[in-house]
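S.K.: Have a peek at model_14.tsv (TSV, C-alpha atoms).
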```
chain	number	residue	atom	x	y	z
A	1	MET	CA	-20.86	2.25	-13.01
A	2	ALA	CA	-20.56	-1.13	-11.28
A	3	GLU	CA	-21.51	-1.77	-7.65
A	4	VAL	CA	-19.87	0.10	-4.77
A	5	VAL	CA	-16.49	-1.47	-3.96
A	6	PRO	CA	-15.45	-1.58	-0.28
A	7	ILE	CA	-11.83	-0.71	0.52
A	8	VAL	CA	-10.03	-0.48	3.85
A	9	GLY	CA	-7.55	2.34	4.31
A	10	SER	CA	-7.77	5.46	2.18
A	11	VAL	CA	-7.19	6.77	-1.29
A	12	ARG	CA	-4.54	9.44	-1.67
A	13	GLY	CA	-4.15	12.32	-4.03
A	14	PHE	CA	-2.46	15.65	-4.69
A	15	ARG	CA	-4.24	18.93	-4.22
A	16	TRP	CA	-3.82	22.61	-3.41
A	17	TRP	CA	-4.87	24.51	-0.31
A	18	ARG	CA	-4.86	28.23	0.31
A	19	LEU	CA	-3.05	29.67	3.33
A	20	SER	CA	-5.41	31.75	5.44
A	21	GLY	CA	-2.77	34.13	6.75
A	22	SER	CA	-2.95	32.63	10.22
A	23	GLY	CA	-1.69	29.13	9.52
A	24	GLU	CA	-5.01	27.56	8.53
A	25	LEU	CA	-5.51	25.74	5.26
A	26	LEU	CA	-8.59	26.51	3.17
A	27	SER	CA	-10.20	24.94	0.14
A	28	PRO	CA	-8.91	27.40	-2.45
A	29	TRP	CA	-11.76	27.73	-4.88
A	30	ARG	CA	-15.02	26.99	-3.06
A	31	GLY	CA	-16.03	28.04	0.33
A	32	PRO	CA	-14.01	29.25	2.09
A	33	VAL	CA	-13.88	25.88	3.79
A	34	CYS	CA	-11.30	25.62	6.54
A	35	TRP	CA	-9.71	22.20	6.86
A	36	ARG	CA	-9.18	20.94	10.40
A	37	PRO	CA	-6.40	18.67	11.59
A	38	GLY	CA	-7.51	15.05	11.18
A	39	GLY	CA	-10.73	14.15	9.38
A	40	ASN	CA	-12.95	16.68	7.61
A	41	GLU	CA	-16.43	16.01	6.28
A	42	ALA	CA	-17.41	17.61	2.99
A	43	SER	CA	-20.72	19.32	2.46
A	44	CYS	CA	-22.33	20.13	-0.84
A	45	LEU	CA	-21.33	23.58	-2.14
A	46	ALA	CA	-22.67	23.23	-5.65
A	47	ARG	CA	-24.16	26.64	-6.25
A	48	ARG	CA	-22.83	30.13	-5.90
A	49	GLY	CA	-25.25	32.37	-4.08
A	50	MET	CA	-25.16	36.04	-3.25
A	51	PHE	CA	-23.53	35.32	0.13
A	52	GLY	CA	-21.28	32.44	-0.87
A	53	TRP	CA	-21.52	28.84	-1.93
A	54	LYS	CA	-24.68	26.87	-1.21
A	55	MET	CA	-25.74	23.26	-1.44
A	56	ALA	CA	-27.54	21.88	-4.48
A	57	ARG	CA	-31.28	22.49	-4.68
A	58	ALA	CA	-32.08	18.79	-4.46
A	59	PRO	CA	-30.55	16.94	-1.49
A	60	HIS	CA	-28.33	14.01	-2.42
A	61	PRO	CA	-29.97	10.70	-1.38
A	62	LEU	CA	-26.58	9.11	-0.68
A	63	GLY	CA	-25.00	12.27	0.69
A	64	CYS	CA	-21.86	13.96	-0.50
A	65	PRO	CA	-20.28	13.42	-3.03
A	66	ALA	CA	-23.04	12.84	-5.55
A	67	THR	CA	-22.39	11.66	-9.09
A	68	GLY	CA	-24.63	14.33	-10.59
A	69	CYS	CA	-23.06	17.14	-8.55
A	70	GLU	CA	-19.61	18.65	-8.07
A	71	CYS	CA	-19.40	18.28	-4.30
A	72	GLY	CA	-16.83	16.51	-2.14
A	73	PHE	CA	-13.16	16.94	-1.35
A	74	TYR	CA	-11.08	16.77	-4.51
A	75	ALA	CA	-7.62	15.41	-5.24
A	76	LEU	CA	-5.66	14.26	-8.28
A	77	HIS	CA	-3.96	10.92	-8.95
A	78	SER	CA	-0.90	12.75	-10.32
A	79	LEU	CA	0.86	16.02	-9.57
A	80	PRO	CA	-0.85	18.99	-11.19
A	81	GLU	CA	1.00	20.07	-14.31
A	82	MET	CA	1.74	23.57	-15.46
A	83	ASN	CA	-0.38	24.38	-18.45
A	84	ASP	CA	-0.12	27.63	-20.39
A	85	GLY	CA	-2.65	26.57	-23.01
A	86	LEU	CA	-6.11	27.97	-23.53
A	87	ASP	CA	-7.58	24.93	-21.79
A	88	ARG	CA	-5.64	25.77	-18.64
A	89	ALA	CA	-7.51	25.02	-15.42
A	90	ILE	CA	-7.06	27.06	-12.27
A	91	TRP	CA	-5.26	24.20	-10.52
A	92	ASP	CA	-2.73	23.77	-13.39
A	93	ILE	CA	-0.03	25.56	-11.44
A	94	ASP	CA	3.68	24.88	-11.35
A	95	THR	CA	4.30	22.68	-8.29
A	96	ALA	CA	7.60	24.50	-7.67
A	97	THR	CA	5.59	27.60	-6.75
A	98	SER	CA	3.90	25.90	-3.77
A	99	GLY	CA	3.98	28.37	-0.89
A	100	GLY	CA	4.77	31.16	-3.33
A	101	ARG	CA	3.25	34.60	-3.65
A	102	HIS	CA	-0.14	33.18	-4.73
A	103	GLY	CA	-0.52	31.69	-1.24
A	104	LEU	CA	-1.39	28.20	-2.48
A	105	VAL	CA	0.16	25.11	-0.96
A	106	LEU	CA	0.51	21.74	-2.61
A	107	GLY	CA	0.11	18.60	-0.54
A	108	VAL	CA	-1.23	15.11	-0.27
A	109	ALA	CA	-4.72	14.36	1.02
A	110	ALA	CA	-6.35	11.11	2.05
A	111	GLY	CA	-9.96	10.51	1.05
A	112	TYR	CA	-12.31	8.08	2.69
A	113	GLY	CA	-15.98	7.30	3.18
A	114	ARG	CA	-17.91	7.51	-0.07
A	115	VAL	CA	-15.41	8.22	-2.85
A	116	LEU	CA	-16.04	8.73	-6.55
A	117	ILE	CA	-13.01	7.66	-8.55
A	118	GLY	CA	-12.37	9.55	-11.77
A	119	THR	CA	-9.82	9.00	-14.49
A	120	GLU	CA	-7.78	11.97	-13.19
A	121	GLY	CA	-8.59	12.07	-9.50
A	122	TRP	CA	-11.28	11.55	-6.91
A	123	ARG	CA	-14.00	13.24	-4.86
A	124	ALA	CA	-14.54	12.05	-1.30
A	125	ARG	CA	-16.89	12.60	1.60
A	126	PHE	CA	-14.08	12.75	4.15
A	127	GLY	CA	-10.65	14.25	3.66
A	128	LYS	CA	-7.51	14.51	5.74
A	129	ILE	CA	-4.29	16.43	5.12
A	130	LEU	CA	-1.30	14.07	5.14
A	131	ALA	CA	1.71	16.09	4.01
A	132	LEU	CA	2.61	19.51	2.57
A	133	PHE	CA	5.22	20.69	0.12
A	134	ALA	CA	7.07	24.02	0.13
A	135	GLY	CA	8.72	25.02	-3.12
A	136	PRO	CA	12.31	26.27	-3.23
A	137	THR	CA	11.45	29.97	-3.24
A	138	VAL	CA	11.29	31.52	0.20
A	139	THR	CA	8.42	33.97	0.49
A	140	SER	CA	6.40	35.62	3.19
A	141	HIS	CA	4.31	32.42	3.21
A	142	THR	CA	7.22	30.12	4.01
A	143	ARG	CA	7.07	30.68	7.75
A	144	GLU	CA	3.29	30.35	7.75
A	145	MET	CA	3.63	26.99	6.00
A	146	GLY	CA	5.79	25.78	8.87
A	147	VAL	CA	3.19	27.00	11.34
A	148	ALA	CA	0.44	25.26	9.36
A	149	ALA	CA	2.33	21.97	9.10
A	150	ALA	CA	2.89	21.98	12.86
A	151	ALA	CA	-0.73	22.90	13.58
A	152	TYR	CA	-2.01	20.10	11.35
A	153	GLY	CA	0.57	17.64	12.63
A	154	VAL	CA	1.84	16.84	9.13
A	155	PRO	CA	5.34	16.84	7.63
A	156	LEU	CA	6.49	19.73	5.44
A	157	TYR	CA	8.72	18.66	2.56
A	158	ARG	CA	11.14	20.76	0.53
A	159	ASP	CA	11.83	17.87	-1.84
A	160	LEU	CA	9.03	17.13	-4.31
A	161	GLU	CA	10.28	13.65	-5.17
A	162	ALA	CA	10.38	12.74	-1.49
A	163	ILE	CA	6.78	13.75	-0.76
A	164	VAL	CA	5.61	11.93	-3.90
A	165	SER	CA	7.41	8.72	-3.04
A	166	GLU	CA	6.57	8.74	0.66
A	167	TRP	CA	2.99	10.03	0.61
A	168	GLY	CA	1.73	10.03	-2.95
A	169	PRO	CA	-0.87	7.60	-4.25
A	170	ASP	CA	0.27	4.08	-4.98
A	171	ARG	CA	0.46	3.80	-8.79
A	172	ALA	CA	-0.75	0.19	-8.75
A	173	VAL	CA	-3.79	1.10	-6.63
A	174	VAL	CA	-4.62	3.99	-8.96
A	175	ALA	CA	-4.29	1.69	-11.98
A	176	ASP	CA	-6.66	-0.82	-10.36
A	177	LEU	CA	-9.20	1.81	-9.38
A	178	THR	CA	-9.24	3.51	-12.77
A	179	ALA	CA	-9.15	0.32	-14.88
B	1	MET	CA	-10.61	20.45	-10.04
B	2	ASN	CA	-11.57	18.17	-12.84
B	3	ILE	CA	-11.23	14.53	-11.83
B	4	GLY	CA	-12.12	13.30	-15.31
B	5	ARG	CA	-14.73	10.71	-16.13
B	6	ILE	CA	-16.05	8.92	-13.04
B	7	VAL	CA	-15.30	5.24	-13.44
B	8	ARG	CA	-15.94	3.78	-10.02
B	9	GLU	CA	-17.58	4.39	-6.69
B	10	VAL	CA	-15.90	3.03	-3.59
B	11	GLU	CA	-16.63	3.03	0.11
B	12	VAL	CA	-13.35	3.50	1.91
B	13	LEU	CA	-13.32	2.44	5.53
B	14	PRO	CA	-10.41	4.06	7.36
B	15	ASP	CA	-8.37	1.41	9.14
B	16	THR	CA	-8.33	3.60	12.23
B	17	GLU	CA	-12.04	2.84	12.66
B	18	ILE	CA	-11.29	-0.75	13.55
B	19	GLU	CA	-11.59	-0.76	17.32
B	20	PRO	CA	-9.48	-3.16	19.37
B	21	LEU	CA	-11.43	-6.00	20.95
B	22	PRO	CA	-12.40	-5.35	24.56
B	23	MET	CA	-10.28	-7.10	27.15
B	24	SER	CA	-11.94	-10.36	28.09
B	25	GLU	CA	-9.93	-10.85	31.25
B	26	PRO	CA	-12.13	-10.39	34.34
B	27	ALA	CA	-11.30	-7.72	36.82
B	28	PRO	CA	-9.25	-9.03	39.73
B	29	GLU	CA	-11.08	-9.98	42.90
B	30	PRO	CA	-10.63	-7.52	45.74
B	31	LEU	CA	-8.11	-8.63	48.31
B	32	PRO	CA	-9.59	-10.08	51.51
B	33	GLU	CA	-9.51	-7.97	54.61
B	34	PRO	CA	-6.31	-8.59	56.55
B	35	VAL	CA	-6.80	-10.87	59.52
B	36	HIS	CA	-5.00	-9.67	62.59
B	37	ALA	CA	-4.08	-12.32	65.03
B	38	PRO	CA	-4.65	-11.32	68.63
B	39	VAL	CA	-1.51	-10.18	70.27
```
As structure tokens, please, write out the structure in this file.

M.R.:
Amino acid sequence: MAEVVPIVGSVRGFRWWRLSGSGELLSPWRGPVCWRPGGNEASCLARRGMFGWKMARAPHPLGCPATGCECGFYALHSLPEMNDGLDRAIWDIDTATSGGRHGLVLGVAAGYGRVLIGTEGWRARFGKILALFAGPTVTSHTREMGVAAAAYGVPLYRDLEAIVSEWGPDRAVVADLTA
Amino acid sequence: MNIGRIVREVEVLPDTEIEPLPMSEPAPEPLPEPVHAPV
């Protein structure tokens, strides 16, 4: 990798959160880590212990995220795609089901601080929720999504194209970063 | 999530961290005590 490139602003990406049941948004697969309104700082949760996720055995000299670890706040350059194949990943979920019975919510996050740019997404030290998307199906989570959006001070979209065009990552910036 | 092969490391400085410059204008002088002419 070349030298660290400074950028002013933020990188943006798509990701899922899990609704807590009380209007809070959690990292869905590690933690549970509760996101706060505004900036959130990631900590290393590389290992699964008996009582939950723990940081890597060796501390990271440059902090989180570390290249040799899996830590940091994650997001994708593009919308997650539904995948029914054997190589399906847990985040390959139909975006139309956001806010559905599984309790996961799709949205856009900003990443800043130290950020590792990958070909498909990024891992950042700091993350902030920018916007949320509710799919067309009304479920018991729909009202909670409204509560969450208000609590986090972010817009809640019912139109996927609108959230992508208004909050999604700039395609030219992504092309530059991943070139 | 799998972010693919890491191709770059960046340091992103949020633009909200840029503080406005402090005001250079000096504080106004206090007004002088009113002078009352003898009646």

S.K.: Could you pull the residues within 8 Å of region 116-121 of chain A, counting all atoms listed in the file, minus those fewer than 3 positions along the same chain, as a PyMOL selection string?

M.R.: (chain A and resi 13+65+67+74-78+124+177-178) or (chain B and resi 2-10)

S.K.: List the spatial neighbours of Leu156 (chain A) as JSON, numbers by chain - criterion: any atom at most 10 Å away, all atoms listed in the file, same-chain residues fewer than 2 positions off excluded.

M.R.: {"A": [107, 130, 131, 132, 133, 134, 145, 146, 147, 148, 149, 150, 153, 154, 158, 159, 163]}

S.K.: Would you compute an axis-aligned box for region 169-177 of chain A, covering every atom listed for it in the file with 6 Å of margin on each side, and report centre and edge lengths in Å to one decimal as AutoDock Vina command-line options?

M.R.:
```
--center_x -4.4 --center_y 3.4 --center_z -8.1 --size_x 21.7 --size_y 20.4 --size_z 19.7
```

S.K.: What does the distance from CA of Pro59 (chain A) to CA of Val33 (chain A) come to in Å, to one decimal?

M.R.: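 One can read the CA of Pro59 (chain A) to CA of Val33 (chain A) distance as 19.6 Å.
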
S.K.: What does the distance from CA of Asn83 (chain A) to CA of Glu70 (chain A) come to in Å, to one decimal?

M.R.: 22.6 Å

S.K.: With distances taken over only C-alpha atoms, which of A:Ala109, A:Cys69, A:Val4, A:Ile129 is nearest to chain B?

M.R.: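 The closest residue to chain B is A:Val4.
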
S.K.: Of the candidates A:Cys64, A:Cys44, A:Ala179, A:Val8, which shows the shortest atom-to-atom distance to chain B, using only C-alpha atoms?

M.R.: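 Smallest distance to chain B is found for A:Val8.
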
S.K.: CA of Val108 (chain A) and CA of Phe14 (chain A), how far apart in Å?

M.R.: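 Going from CA of Phe14 (chain A) over to CA of Val108 (chain A) covers 4.6 Å.
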
S.K.: Which residues are close to Thr97 (chain A), i.e. within 9 Å by all atoms listed in the file, leaving aside same-chain residues fewer than 2 positions away? Reply as a short mmCIF file (atom, residue, chain, number, x, y, z; two decimals) with C-alpha atoms, in the frame of the given file.

M.R.:
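Saved result, part-v4.cif, follows:
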```
data_model
loop_
_atom_site.label_atom_id
_atom_site.label_comp_id
_atom_site.auth_asym_id
_atom_site.auth_seq_id
_atom_site.Cartn_x
_atom_site.Cartn_y
_atom_site.Cartn_z
CA ILE A 93 -0.03 25.56 -11.44
CA ASP A 94 3.68 24.88 -11.35
CA THR A 95 4.30 22.68 -8.29
CA GLY A 99 3.98 28.37 -0.89
CA GLY A 100 4.77 31.16 -3.33
CA ARG A 101 3.25 34.60 -3.65
CA HIS A 102 -0.14 33.18 -4.73
CA LEU A 104 -1.39 28.20 -2.48
CA VAL A 105 0.16 25.11 -0.96
CA LEU A 106 0.51 21.74 -2.61
CA ALA A 134 7.07 24.02 0.13
CA GLY A 135 8.72 25.02 -3.12
CA PRO A 136 12.31 26.27 -3.23
CA THR A 137 11.45 29.97 -3.24
#
```
